[in-house]
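Have a look at structure05.cif below; it lists mmCIF, C-alpha atoms.
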data_final
loop_
_atom_site.label_atom_id
_atom_site.label_comp_id
_atom_site.auth_asym_id
_atom_site.auth_seq_id
_atom_site.Cartn_x
_atom_site.Cartn_y
_atom_site.Cartn_z
CA MET A 1 22.67 -1.45 14.15
CA THR A 2 26.02 -2.76 12.96
CA ASN A 3 27.56 -2.14 9.56
CA GLU A 4 27.88 -5.91 9.26
CA ALA A 5 24.11 -6.37 9.57
CA LEU A 6 23.45 -3.63 7.03
CA GLU A 7 25.92 -5.14 4.56
CA ARG A 8 24.34 -8.56 5.07
CA ALA A 9 20.86 -7.12 4.45
CA THR A 10 22.04 -5.37 1.29
CA ARG A 11 23.57 -8.58 -0.07
CA LEU A 12 20.36 -10.43 0.71
CA LEU A 13 18.25 -7.89 -1.20
CA ASP A 14 20.61 -8.08 -4.16
CA GLY A 15 19.54 -11.69 -4.64
CA VAL A 16 15.84 -11.79 -3.76
CA ILE A 17 12.96 -9.67 -5.00
CA LEU A 18 11.94 -6.95 -2.57
CA ALA A 19 8.27 -6.27 -3.26
CA ASP A 20 6.36 -3.32 -1.83
CA GLY A 21 2.58 -3.39 -1.83
CA HIS A 22 1.80 0.31 -1.92
CA ASN A 23 3.49 3.49 -3.14
CA ASP A 24 1.57 6.70 -3.89
CA LEU A 25 4.09 8.32 -6.24
CA PRO A 26 1.52 8.61 -9.11
CA TRP A 27 -0.75 10.85 -7.02
CA GLU A 28 2.19 12.86 -5.70
CA LEU A 29 3.24 13.53 -9.31
CA ARG A 30 -0.32 14.61 -10.10
CA GLN A 31 -0.01 17.13 -7.27
CA HIS A 32 3.11 18.53 -8.96
CA GLY A 33 2.11 18.31 -12.61
CA GLY A 34 -1.68 18.34 -12.68
CA PRO A 35 -4.24 15.78 -13.92
CA ASN A 36 -2.80 15.40 -17.44
CA PRO A 37 -0.87 12.10 -17.13
CA VAL A 38 1.86 13.14 -19.59
CA GLU A 39 2.52 16.36 -17.70
CA ALA A 40 2.31 14.63 -14.30
CA ALA A 41 4.87 11.97 -15.26
CA ALA A 42 7.21 14.64 -16.66
CA SER A 43 6.80 17.07 -13.76
CA LEU A 44 9.89 15.89 -11.85
CA ASP A 45 13.09 14.22 -13.04
CA LEU A 46 13.15 10.95 -11.10
CA THR A 47 16.70 10.12 -12.22
CA VAL A 48 18.03 12.62 -9.67
CA ARG A 49 17.31 12.87 -5.97
CA GLN A 50 14.09 14.75 -5.29
CA PRO A 51 13.99 16.10 -1.72
CA ALA A 52 10.22 16.62 -1.98
CA LEU A 53 9.63 12.91 -2.69
CA HIS A 54 10.17 9.69 -0.77
CA THR A 55 10.65 7.95 -4.13
CA ASP A 56 13.13 8.53 -6.93
CA PHE A 57 15.49 6.22 -8.78
CA PRO A 58 18.63 6.93 -6.72
CA LYS A 59 16.68 6.17 -3.55
CA LEU A 60 15.08 3.08 -5.08
CA ALA A 61 18.51 1.79 -6.12
CA ASP A 62 19.84 2.28 -2.59
CA GLY A 63 16.76 0.58 -1.18
CA LYS A 64 17.16 -2.45 -3.47
CA LEU A 65 13.49 -2.40 -4.47
CA GLY A 66 12.71 -5.03 -7.11
CA MET A 67 8.92 -4.96 -7.43
CA GLN A 68 6.43 -2.18 -6.72
CA PHE A 69 2.66 -1.97 -6.73
CA TRP A 70 2.09 1.64 -7.77
CA SER A 71 -1.11 2.96 -6.23
CA VAL A 72 -3.56 4.64 -8.60
CA TYR A 73 -5.25 6.37 -5.69
CA VAL A 74 -8.34 8.52 -6.16
CA PRO A 75 -9.65 10.64 -3.25
CA CYS A 76 -13.15 9.88 -2.02
CA GLU A 77 -14.24 13.37 -3.07
CA PHE A 78 -14.27 11.97 -6.62
CA GLU A 79 -17.53 10.14 -7.18
CA GLY A 80 -19.25 8.37 -10.06
CA ASP A 81 -17.93 9.21 -13.52
CA SER A 82 -15.30 11.60 -12.12
CA ALA A 83 -13.80 8.78 -10.02
CA VAL A 84 -13.62 6.52 -13.08
CA THR A 85 -11.96 9.29 -15.10
CA ALA A 86 -9.45 9.99 -12.34
CA VAL A 87 -8.44 6.36 -11.86
CA LEU A 88 -7.89 5.96 -15.60
CA GLU A 89 -5.75 9.11 -15.60
CA GLN A 90 -3.69 7.69 -12.73
CA ILE A 91 -3.24 4.36 -14.53
CA GLU A 92 -1.92 6.31 -17.48
CA VAL A 93 0.58 8.08 -15.19
CA VAL A 94 2.08 4.66 -14.37
CA HIS A 95 2.21 3.76 -18.07
CA GLN A 96 3.84 7.11 -18.84
CA LEU A 97 6.48 6.51 -16.15
CA ALA A 98 7.30 3.10 -17.62
CA GLU A 99 7.66 4.63 -21.09
CA ARG A 100 9.69 7.58 -19.80
CA TYR A 101 12.12 5.39 -17.81
CA PRO A 102 12.35 2.07 -19.71
CA ASP A 103 15.81 1.38 -18.32
CA ARG A 104 14.46 1.59 -14.75
CA LEU A 105 10.85 0.35 -14.83
CA ARG A 106 9.02 -2.45 -16.59
CA LEU A 107 5.25 -2.82 -16.47
CA VAL A 108 4.32 -6.40 -15.63
CA THR A 109 1.16 -8.21 -14.62
CA THR A 110 2.33 -11.68 -13.56
CA ALA A 111 4.80 -13.18 -11.11
CA ASP A 112 6.84 -14.70 -13.96
CA GLU A 113 7.09 -11.31 -15.68
CA ALA A 114 8.10 -9.70 -12.37
CA GLU A 115 10.91 -12.21 -11.88
CA ALA A 116 12.11 -11.67 -15.45
CA ALA A 117 12.13 -7.89 -14.97
CA PHE A 118 14.13 -8.26 -11.76
CA ALA A 119 16.63 -10.51 -13.53
CA ASP A 120 17.03 -7.80 -16.19
CA GLY A 121 17.72 -5.11 -13.58
CA ARG A 122 14.34 -3.40 -13.88
CA ILE A 123 11.82 -2.61 -11.14
CA ALA A 124 8.82 -4.84 -11.85
CA SER A 125 5.91 -2.38 -11.84
CA LEU A 126 2.35 -3.41 -11.11
CA ILE A 127 -0.76 -1.33 -10.52
CA GLY A 128 -3.12 -1.28 -7.54
CA ALA A 129 -6.35 0.75 -7.45
CA GLU A 130 -6.98 2.32 -4.04
CA GLY A 131 -10.68 2.73 -3.36
CA GLY A 132 -13.68 0.80 -4.67
CA HIS A 133 -15.51 4.06 -5.38
CA SER A 134 -13.36 4.17 -8.53
CA ILE A 135 -15.56 1.59 -10.27
CA ALA A 136 -18.73 3.67 -9.76
CA GLU A 137 -20.72 0.54 -8.85
CA SER A 138 -19.97 -1.05 -12.21
CA LEU A 139 -18.61 -4.57 -12.65
CA GLY A 140 -17.90 -3.54 -16.24
CA VAL A 141 -15.52 -0.82 -15.05
CA LEU A 142 -13.94 -3.33 -12.68
CA ARG A 143 -13.23 -5.65 -15.59
CA ILE A 144 -11.83 -2.77 -17.66
CA LEU A 145 -9.42 -1.88 -14.84
CA ARG A 146 -8.16 -5.45 -14.81
CA ARG A 147 -7.84 -5.43 -18.61
CA VAL A 148 -5.60 -2.32 -18.49
CA GLY A 149 -3.32 -3.90 -15.91
CA VAL A 150 -4.73 -3.29 -12.42
CA ARG A 151 -3.75 -6.23 -10.22
CA TYR A 152 -5.49 -5.30 -6.98
CA MET A 153 -8.29 -3.07 -5.79
CA THR A 154 -8.65 -1.77 -2.24
CA LEU A 155 -12.36 -2.17 -1.53
CA THR A 156 -12.69 1.20 0.22
CA HIS A 157 -10.60 4.19 1.12
CA ASN A 158 -11.40 6.42 4.13
CA PHE A 159 -15.14 6.52 3.42
CA ASN A 160 -17.64 3.73 2.92
CA THR A 161 -18.62 2.83 -0.60
CA THR A 162 -22.27 2.05 -1.28
CA TRP A 163 -21.34 -1.62 -0.94
CA ALA A 164 -18.51 -1.92 1.63
CA ASP A 165 -17.72 -0.46 5.06
CA SER A 166 -14.49 1.46 5.61
CA GLY A 167 -12.53 1.18 8.83
CA THR A 168 -12.60 4.97 9.26
CA ASP A 169 -16.29 5.63 8.56
CA GLU A 170 -19.50 4.85 10.45
CA PRO A 171 -20.67 1.27 9.71
CA ALA A 172 -23.48 1.20 7.17
CA HIS A 173 -23.56 -2.28 5.62
CA GLY A 174 -22.42 -4.75 8.26
CA GLY A 175 -19.34 -5.34 6.12
CA LEU A 176 -20.31 -6.11 2.53
CA THR A 177 -23.67 -5.76 0.81
CA GLU A 178 -24.72 -8.44 -1.66
CA PHE A 179 -23.27 -6.31 -4.45
CA GLY A 180 -20.04 -6.09 -2.44
CA ARG A 181 -19.90 -9.86 -2.28
CA GLU A 182 -20.49 -9.93 -6.03
CA VAL A 183 -17.53 -7.55 -6.48
CA VAL A 184 -15.28 -9.93 -4.54
CA ARG A 185 -16.45 -12.93 -6.57
CA GLU A 186 -15.89 -11.00 -9.81
CA MET A 187 -12.39 -10.04 -8.69
CA ASN A 188 -11.64 -13.72 -8.09
CA LYS A 189 -12.98 -14.54 -11.54
CA ILE A 190 -10.84 -11.97 -13.38
CA GLY A 191 -7.68 -12.51 -11.34
CA MET A 192 -7.69 -9.23 -9.42
CA MET A 193 -6.39 -9.37 -5.86
CA VAL A 194 -8.85 -8.32 -3.14
CA ASP A 195 -7.10 -5.68 -1.00
CA LEU A 196 -8.50 -5.31 2.51
CA SER A 197 -6.45 -2.36 3.72
CA HIS A 198 -8.70 0.56 4.74
CA VAL A 199 -11.79 -1.62 5.24
CA ALA A 200 -13.67 -2.30 8.49
CA PRO A 201 -13.00 -5.59 10.32
CA SER A 202 -16.53 -6.72 9.37
CA THR A 203 -15.64 -6.15 5.72
CA MET A 204 -12.35 -8.05 6.15
CA ARG A 205 -14.17 -11.06 7.60
CA ALA A 206 -16.92 -11.01 4.98
CA ALA A 207 -14.45 -10.72 2.08
CA ILE A 208 -12.31 -13.59 3.36
CA GLU A 209 -15.45 -15.69 3.73
CA VAL A 210 -16.54 -14.94 0.15
CA SER A 211 -13.16 -15.02 -1.58
CA SER A 212 -11.99 -18.31 -3.02
CA ALA A 213 -8.60 -16.73 -3.81
CA PRO A 214 -6.02 -15.35 -1.37
CA VAL A 215 -6.59 -11.75 -0.21
CA ILE A 216 -4.01 -9.11 0.57
CA PHE A 217 -3.59 -6.15 2.87
CA SER A 218 -1.46 -3.81 0.74
CA HIS A 219 -0.50 -1.44 3.59
CA SER A 220 -1.76 -2.21 7.10
CA SER A 221 -0.30 -3.16 10.47
CA CYS A 222 -1.53 -4.96 13.63
CA ILE A 223 -4.27 -3.68 15.90
CA ALA A 224 -2.93 -5.70 18.85
CA VAL A 225 0.30 -3.69 18.73
CA ASN A 226 -1.36 -0.33 18.06
CA ASP A 227 -5.12 0.10 18.36
CA HIS A 228 -5.74 2.06 15.17
CA PRO A 229 -8.75 1.51 12.86
CA ARG A 230 -6.45 1.06 9.86
CA ASN A 231 -4.85 -2.01 11.40
CA ILE A 232 -5.74 -5.71 11.30
CA PRO A 233 -7.34 -7.56 14.24
CA ASP A 234 -5.69 -10.79 15.37
CA ASP A 235 -8.68 -12.95 14.45
CA VAL A 236 -8.37 -11.73 10.85
CA LEU A 237 -4.61 -12.30 10.79
CA ALA A 238 -5.30 -15.82 12.03
CA LYS A 239 -7.55 -16.44 9.00
CA LEU A 240 -4.77 -15.77 6.49
CA PRO A 241 -3.18 -19.24 6.59
CA GLY A 242 -6.53 -20.79 5.67
CA ASN A 243 -7.13 -18.24 2.94
CA GLY A 244 -3.53 -18.13 1.70
CA GLY A 245 -3.33 -14.35 1.82
CA VAL A 246 -0.64 -11.93 2.93
CA ALA A 247 -0.61 -8.92 5.27
CA MET A 248 1.82 -6.29 4.00
CA ILE A 249 2.96 -4.37 7.06
CA THR A 250 3.04 -0.62 6.55
CA PHE A 251 5.37 2.05 7.92
CA VAL A 252 2.80 4.84 8.50
CA PRO A 253 3.71 6.37 11.90
CA ALA A 254 0.13 6.69 13.18
CA PHE A 255 -0.51 3.04 12.33
CA VAL A 256 2.64 1.64 13.94
CA SER A 257 3.30 3.89 16.96
CA PRO A 258 0.86 4.24 19.90
CA LYS A 259 2.42 7.63 20.69
CA VAL A 260 1.78 8.94 17.19
CA ALA A 261 -1.71 7.40 17.18
CA ALA A 262 -2.54 9.30 20.40
CA TRP A 263 -1.35 12.53 18.79
CA ASP A 264 -3.47 11.70 15.75
CA GLU A 265 -6.55 11.35 17.96
CA GLN A 266 -5.90 14.85 19.32
CA LEU A 267 -5.67 16.12 15.75
CA LYS A 268 -8.92 14.35 14.85
CA ALA A 269 -10.72 15.91 17.83
CA ALA A 270 -9.36 19.38 17.00
CA MET A 271 -10.53 19.04 13.42
CA ALA A 272 -13.98 17.91 14.50
CA GLU A 273 -14.24 20.91 16.85
CA ALA A 274 -13.32 23.18 13.94
CA GLY A 275 -15.92 21.56 11.70
CA ARG A 276 -13.32 19.86 9.47
CA ASP A 277 -13.36 16.23 8.35
CA TYR A 278 -10.28 14.27 9.44
CA ARG A 279 -10.97 11.59 6.80
CA ASN A 280 -10.50 14.12 4.02
CA LEU A 281 -6.75 14.06 3.43
CA THR A 282 -6.70 17.48 1.76
CA GLN A 283 -8.49 19.08 4.71
CA ARG A 284 -6.22 17.22 7.12
CA GLY A 285 -3.04 18.45 5.47
CA GLN A 286 -4.27 22.04 5.45
CA PHE A 287 -5.40 21.87 9.08
CA VAL A 288 -2.07 20.48 10.34
CA LYS A 289 -0.23 23.45 8.79
CA GLU A 290 -2.39 25.86 10.81
CA TRP A 291 -2.84 23.83 14.01
CA ASP A 292 -1.12 25.01 17.19
CA GLY A 293 -1.39 21.61 18.86
CA PRO A 294 1.42 19.54 20.41
CA VAL A 295 4.50 18.54 18.44
CA LYS A 296 3.98 15.27 16.59
CA PRO A 297 5.99 12.40 18.16
CA LYS A 298 8.28 10.27 16.03
CA ALA A 299 8.03 6.56 15.23
CA GLY A 300 11.09 4.39 14.68
CA VAL A 301 12.24 1.22 12.96
CA GLU A 302 11.55 -0.68 16.18
CA ASP A 303 7.84 0.18 15.91
CA VAL A 304 7.62 -1.38 12.46
CA VAL A 305 9.60 -4.43 13.61
CA ALA A 306 7.10 -4.97 16.44
CA HIS A 307 4.24 -5.20 13.93
CA ILE A 308 6.16 -7.50 11.58
CA GLU A 309 7.01 -9.88 14.40
CA HIS A 310 3.47 -9.87 15.75
CA ALA A 311 2.04 -10.61 12.31
CA ARG A 312 4.55 -13.45 11.91
CA GLU A 313 3.51 -14.87 15.27
CA VAL A 314 -0.23 -14.78 14.50
CA ALA A 315 -0.43 -15.32 10.72
CA GLY A 316 2.83 -17.18 10.16
CA ILE A 317 5.97 -16.44 8.20
CA ASP A 318 4.31 -17.40 4.89
CA HIS A 319 1.65 -14.70 5.19
CA ILE A 320 3.48 -11.41 5.72
CA GLY A 321 4.98 -8.79 3.42
CA LEU A 322 5.68 -5.05 3.25
CA GLY A 323 3.72 -2.03 2.02
CA GLY A 324 5.53 1.13 3.01
CA ASP A 325 2.99 3.76 1.79
CA TYR A 326 5.85 5.97 0.62
CA ASP A 327 4.72 9.29 -0.88
CA GLY A 328 1.30 8.66 0.64
CA VAL A 329 2.08 10.25 4.02
CA GLY A 330 3.98 13.33 5.17
CA THR A 331 6.50 11.63 7.43
CA LEU A 332 7.87 8.13 7.95
CA PRO A 333 9.58 6.51 10.96
CA GLU A 334 13.11 7.52 11.80
CA GLY A 335 15.38 5.15 9.90
CA LEU A 336 12.74 4.49 7.21
CA GLU A 337 12.40 8.03 5.89
CA ASP A 338 12.32 7.14 2.19
CA THR A 339 12.62 4.24 -0.24
CA SER A 340 16.38 4.01 0.22
CA LYS A 341 15.92 2.61 3.73
CA TYR A 342 14.56 -0.93 3.23
CA PRO A 343 17.98 -2.48 4.02
CA VAL A 344 17.84 -0.80 7.45
CA LEU A 345 14.67 -2.71 8.26
CA PHE A 346 16.12 -6.03 7.13
CA ALA A 347 19.33 -5.38 9.05
CA ALA A 348 17.23 -4.88 12.19
CA LEU A 349 15.45 -8.20 11.58
CA LEU A 350 18.71 -10.05 10.94
CA GLU A 351 20.10 -8.66 14.17
CA ARG A 352 17.03 -10.03 15.96
CA GLY A 353 17.84 -13.51 14.70
CA TRP A 354 15.71 -13.72 11.58
CA SER A 355 17.02 -16.21 9.05
CA GLU A 356 17.76 -15.10 5.52
CA ASP A 357 15.08 -17.51 4.25
CA ASP A 358 12.45 -15.87 6.47
CA CYS A 359 13.62 -12.41 5.39
CA ALA A 360 13.28 -13.48 1.74
CA LYS A 361 9.67 -14.56 2.36
CA LEU A 362 8.86 -11.21 3.94
CA ALA A 363 10.69 -9.32 1.21
CA GLY A 364 8.80 -10.71 -1.75
CA LYS A 365 8.43 -14.48 -1.96
CA ASN A 366 5.07 -14.43 -0.17
CA THR A 367 3.72 -11.66 -2.38
CA LEU A 368 4.83 -13.46 -5.56
CA ARG A 369 3.15 -16.64 -4.32
CA VAL A 370 -0.16 -14.84 -3.78
CA LEU A 371 0.05 -13.23 -7.21
CA ARG A 372 0.51 -16.67 -8.80
CA GLU A 373 -2.28 -18.25 -6.76
CA VAL A 374 -4.77 -15.47 -7.58
CA ASP A 375 -4.04 -16.04 -11.29
CA GLY A 376 -4.73 -19.72 -10.73
CA PHE A 377 -8.28 -18.96 -9.55
CA ALA A 378 -9.08 -16.73 -12.54
CA ARG A 379 -11.33 -18.14 -15.22
#
The structure given in the file should be rewritten as structure tokens.
Amino acid sequence: MTNEALERATRLLDGVILADGHNDLPWELRQHGGPNPVEAAASLDLTVRQPALHTDFPKLADGKLGMQFWSVYVPCEFEGDSAVTAVLEQIEVVHQLAERYPDRLRLVTTADEAEAAFADGRIASLIGAEGGHSIAESLGVLRILRRVGVRYMTLTHNFNTTWADSGTDEPAHGGLTEFGREVVREMNKIGMMVDLSHVAPSTMRAAIEVSSAPVIFSHSSCIAVNDHPRNIPDDVLAKLPGNGGVAMITFVPAFVSPKVAAWDEQLKAAMAEAGRDYRNLTQRGQFVKEWDGPVKPKAGVEDVVAHIEHAREVAGIDHIGLGGDYDGVGTLPEGLEDTSKYPVLFAALLERGWSEDDCAKLAGKNTLRVLREVDGFAR
């Protein structure tokens, strides 16, 4: 990669909003500071570089990030009332961060507000709820989440909900139950984006069929490039132009690299043999520390580029974006190790002949369009 390409990418991102669909910093701060949102937000000084994090303000400034969907993730071990409590605590972490760093972050809920924040030199901060178990089967809770600023909800996480199938669980519903379809219709009605990352292909197809508004994938890649259950099949990508949605390509090594995915399958088998559940992220992290298996291979920028270009080919340039999943995984591809590295990705695309207009669409224009269109369907 030439310095010229990197300088060109940096200039590009100075002038257009770079939007990322998924960052797990709020949960990472909870791991450091505990469940009290005030203490979690204050647990680390984000104005200085934090080696333990992928995300801090020096890195974000280097990465030219202009708009972030902060994930208010809740593990599937939380159920019912405890899941609702936890998601509200995580929403408050995001609010606390915005209050603690008003010169860096601005909470917004609309595309117009995001553009105004970017113009004022702030990172436009939106909220995405990861996992439909967080509503505890209540449309009332769903509406409350939207009222307190949540702009998307991922229908499942690693386990099925009682109303939607996850891509990493055994099918139970054939996609969506009737209540699941009602959830999608309600999300359309209240202007909450339907996020289809983590869900089974049957759930993706059912949700796109039901949804009158554009859907998103906040952090997924392409199954044709790497056959991983967290990725998107081509037939679903091909539906996005008709629906208007956007697939935000993620950087997670196991999702983008066949070599890392093969290693991951070995890990999964070893965990199953030991009676541990691979889908449980806490158990997985503990097991990896103790496992004497093979060394984990590394992914690279070129792996992510392959997914972006495949998604562009199948879905079209107007239906792709980025969702790095920073601070949601232990490692990232070489060259994309933290949130300072977005210009490296865009430099690679420019070197491959991408136009600056197409790079701007990938960076944030497509995501802003979907946000506006979803608001247009709300009533």
Closest atom pairs, stretch 137-244 of chain A residues within 9 Å of stretch 251-256 of chain A, all atoms listed in the file, as a tab-separated table:
residue	atom	partner	partner_atom	distance
A:His219	CA	A:Phe251	CA	8.1
A:Ser220	CA	A:Phe255	CA	7.5
A:Ser221	CA	A:Phe255	CA	6.5
A:Cys222	CA	A:Val256	CA	7.8
A:Ile223	CA	A:Phe255	CA	8.5
A:Val225	CA	A:Val256	CA	7.5
A:Asn226	CA	A:Val256	CA	6.1
A:Asp227	CA	A:Phe255	CA	8.1
A:His228	CA	A:Phe255	CA	6.0
A:Pro229	CA	A:Phe255	CA	8.4
A:Arg230	CA	A:Phe255	CA	6.7
A:Asn231	CA	A:Phe255	CA	6.7
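By chain and then residue number, the residues within 9 Å of A:His198 are Gly131, Thr154, Leu155, Thr156, His157, Asn158, Phe159, Ser166, Gly167, Thr168, Asp195, Leu196, Ala200, Phe217, His219, Ser220, Pro229, Arg230 and Asn231 of chain A, counting only C-alpha atoms and disregarding those fewer than 2 positions away in sequence.
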Hey, can you check how far atom CA of A:Leu25 sits from atom CA of A:Leu44?
-> 11.1 Å
Contacts of stretch 239-243 of chain A at 7 Å or less, counting only C-alpha atoms, minus same-chain residues fewer than 4 places along, as a list in words?
-> Ile208, Pro214, Asp235, Ala315 and His319 of chain A
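What the PyMOL selection byres ((chain A and resi 294) around 12) grabs from this file is Lys259, Val260, Ala262, Trp263, Asp264, Glu265, Gln266, Leu267, Ala270, Val288, Trp291, Asp292, Gly293, Val295, Lys296 and Pro297 of chain A.
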Step by step, work through what the PyMOL selection byres ((chain A and resi 109) around 12) selects in the shown file, and finish by giving those residues as a ChimeraX atom specification.
-> /A:67-69,106-108,110-117,124-128,146-152,191-193,368,371-372,374-375
Expanded to explicit residues, what is the PyMOL selection byres ((chain A and resi 101) around 12) for this file, as a PyMOL selection string?
-> chain A and resi 41-42+45-47+56-57+94-100+102-107+122-123+125
Residues just named, written with C-alpha atoms as an mmCIF file, keeping the file's coordinate frame:
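File again12.cif, as written:
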data_model
loop_
_atom_site.group_PDB
_atom_site.id
_atom_site.type_symbol
_atom_site.label_atom_id
_atom_site.label_comp_id
_atom_site.auth_asym_id
_atom_site.auth_seq_id
_atom_site.Cartn_x
_atom_site.Cartn_y
_atom_site.Cartn_z
ATOM 1 C CA ALA A 41 4.870 11.970 -15.260
ATOM 2 C CA ALA A 42 7.210 14.640 -16.660
ATOM 3 C CA ASP A 45 13.090 14.220 -13.040
ATOM 4 C CA LEU A 46 13.150 10.950 -11.100
ATOM 5 C CA THR A 47 16.700 10.120 -12.220
ATOM 6 C CA ASP A 56 13.130 8.530 -6.930
ATOM 7 C CA PHE A 57 15.490 6.220 -8.780
ATOM 8 C CA VAL A 94 2.080 4.660 -14.370
ATOM 9 C CA HIS A 95 2.210 3.760 -18.070
ATOM 10 C CA GLN A 96 3.840 7.110 -18.840
ATOM 11 C CA LEU A 97 6.480 6.510 -16.150
ATOM 12 C CA ALA A 98 7.300 3.100 -17.620
ATOM 13 C CA GLU A 99 7.660 4.630 -21.090
ATOM 14 C CA ARG A 100 9.690 7.580 -19.800
ATOM 15 C CA PRO A 102 12.350 2.070 -19.710
ATOM 16 C CA ASP A 103 15.810 1.380 -18.320
ATOM 17 C CA ARG A 104 14.460 1.590 -14.750
ATOM 18 C CA LEU A 105 10.850 0.350 -14.830
ATOM 19 C CA ARG A 106 9.020 -2.450 -16.590
ATOM 20 C CA LEU A 107 5.250 -2.820 -16.470
ATOM 21 C CA ARG A 122 14.340 -3.400 -13.880
ATOM 22 C CA ILE A 123 11.820 -2.610 -11.140
ATOM 23 C CA SER A 125 5.910 -2.380 -11.840
#
Nearby residues (only C-alpha atoms) at most 12 Å from A:Pro51, same-chain spacing under 6 positions excluded, as a PDB file with C-alpha atoms, in the frame of the given file:
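part-v6.pdb written:
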ATOM      1  CA  LEU A  44       9.890  15.890 -11.850  1.00  0.00           C
ATOM      2  CA  ASP A  45      13.090  14.220 -13.040  1.00  0.00           C
ATOM      3  CA  PRO A  58      18.630   6.930  -6.720  1.00  0.00           C
ATOM      4  CA  LYS A  59      16.680   6.170  -3.550  1.00  0.00           C
ATOM      5  CA  ASP A 327       4.720   9.290  -0.880  1.00  0.00           C
ATOM      6  CA  GLU A 337      12.400   8.030   5.890  1.00  0.00           C
ATOM      7  CA  ASP A 338      12.320   7.140   2.190  1.00  0.00           C
TER       8      ASP A 338
END
Give, as AutoDock Vina command-line options, the centre coordinates and the x, y and z edge lengths in Å to one decimal for an axis-aligned box around all listed atoms of stretch 110-113 of chain A, padded by 6 Å on each side.
--center_x 4.7 --center_y -13.0 --center_z -13.4 --size_x 16.8 --size_y 15.4 --size_z 16.6
Counting all atoms listed in the file, closest pick from A:Ala347, A:Val48, A:Met1, A:Ala19 relative to A:Gly66 is A:Ala19
What gap, in Å, lies between atom CA of A:Gly335 and atom CA of A:Gly300?
-> 6.5 Å
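When atom CA of A:Pro333 is paired with atom CA of A:Asp303, their separation reads 8.2 Å.
Compared by their closest atoms to A:Leu65, and using all atoms listed in the file, the residues A:Leu18, A:Ala311, A:Ala119, A:Val329 rank with A:Leu18 nearest.
Of the residues under consideration (A:Asp234, A:Asp24, A:Glu313, A:Glu79), A:Asp24 shows the shortest atom-to-atom contact distance to A:Gly328 when counting all atoms listed in the file.
Of the residues under consideration (A:Gln31, A:Asn366, A:Gln283, A:Thr55), A:Thr55 shows the shortest atom-to-atom contact distance to A:Tyr326 when counting only C-alpha atoms.
Residue neighbourhood of A:Gly175, excluding near-sequence residues (fewer than 5 positions): A:Ala164, A:Asp165, A:Ser202, A:Thr203, at 6 Å, using only C-alpha atoms.
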Same residues, C-alpha atoms, output as a PDB file, in the frame of the given file:
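Output file part02.pdb follows:
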ATOM      1  CA  ALA A 164     -18.510  -1.920   1.630  1.00  0.00           C
ATOM      2  CA  ASP A 165     -17.720  -0.460   5.060  1.00  0.00           C
ATOM      3  CA  SER A 202     -16.530  -6.720   9.370  1.00  0.00           C
ATOM      4  CA  THR A 203     -15.640  -6.150   5.720  1.00  0.00           C
TER       5      THR A 203
END
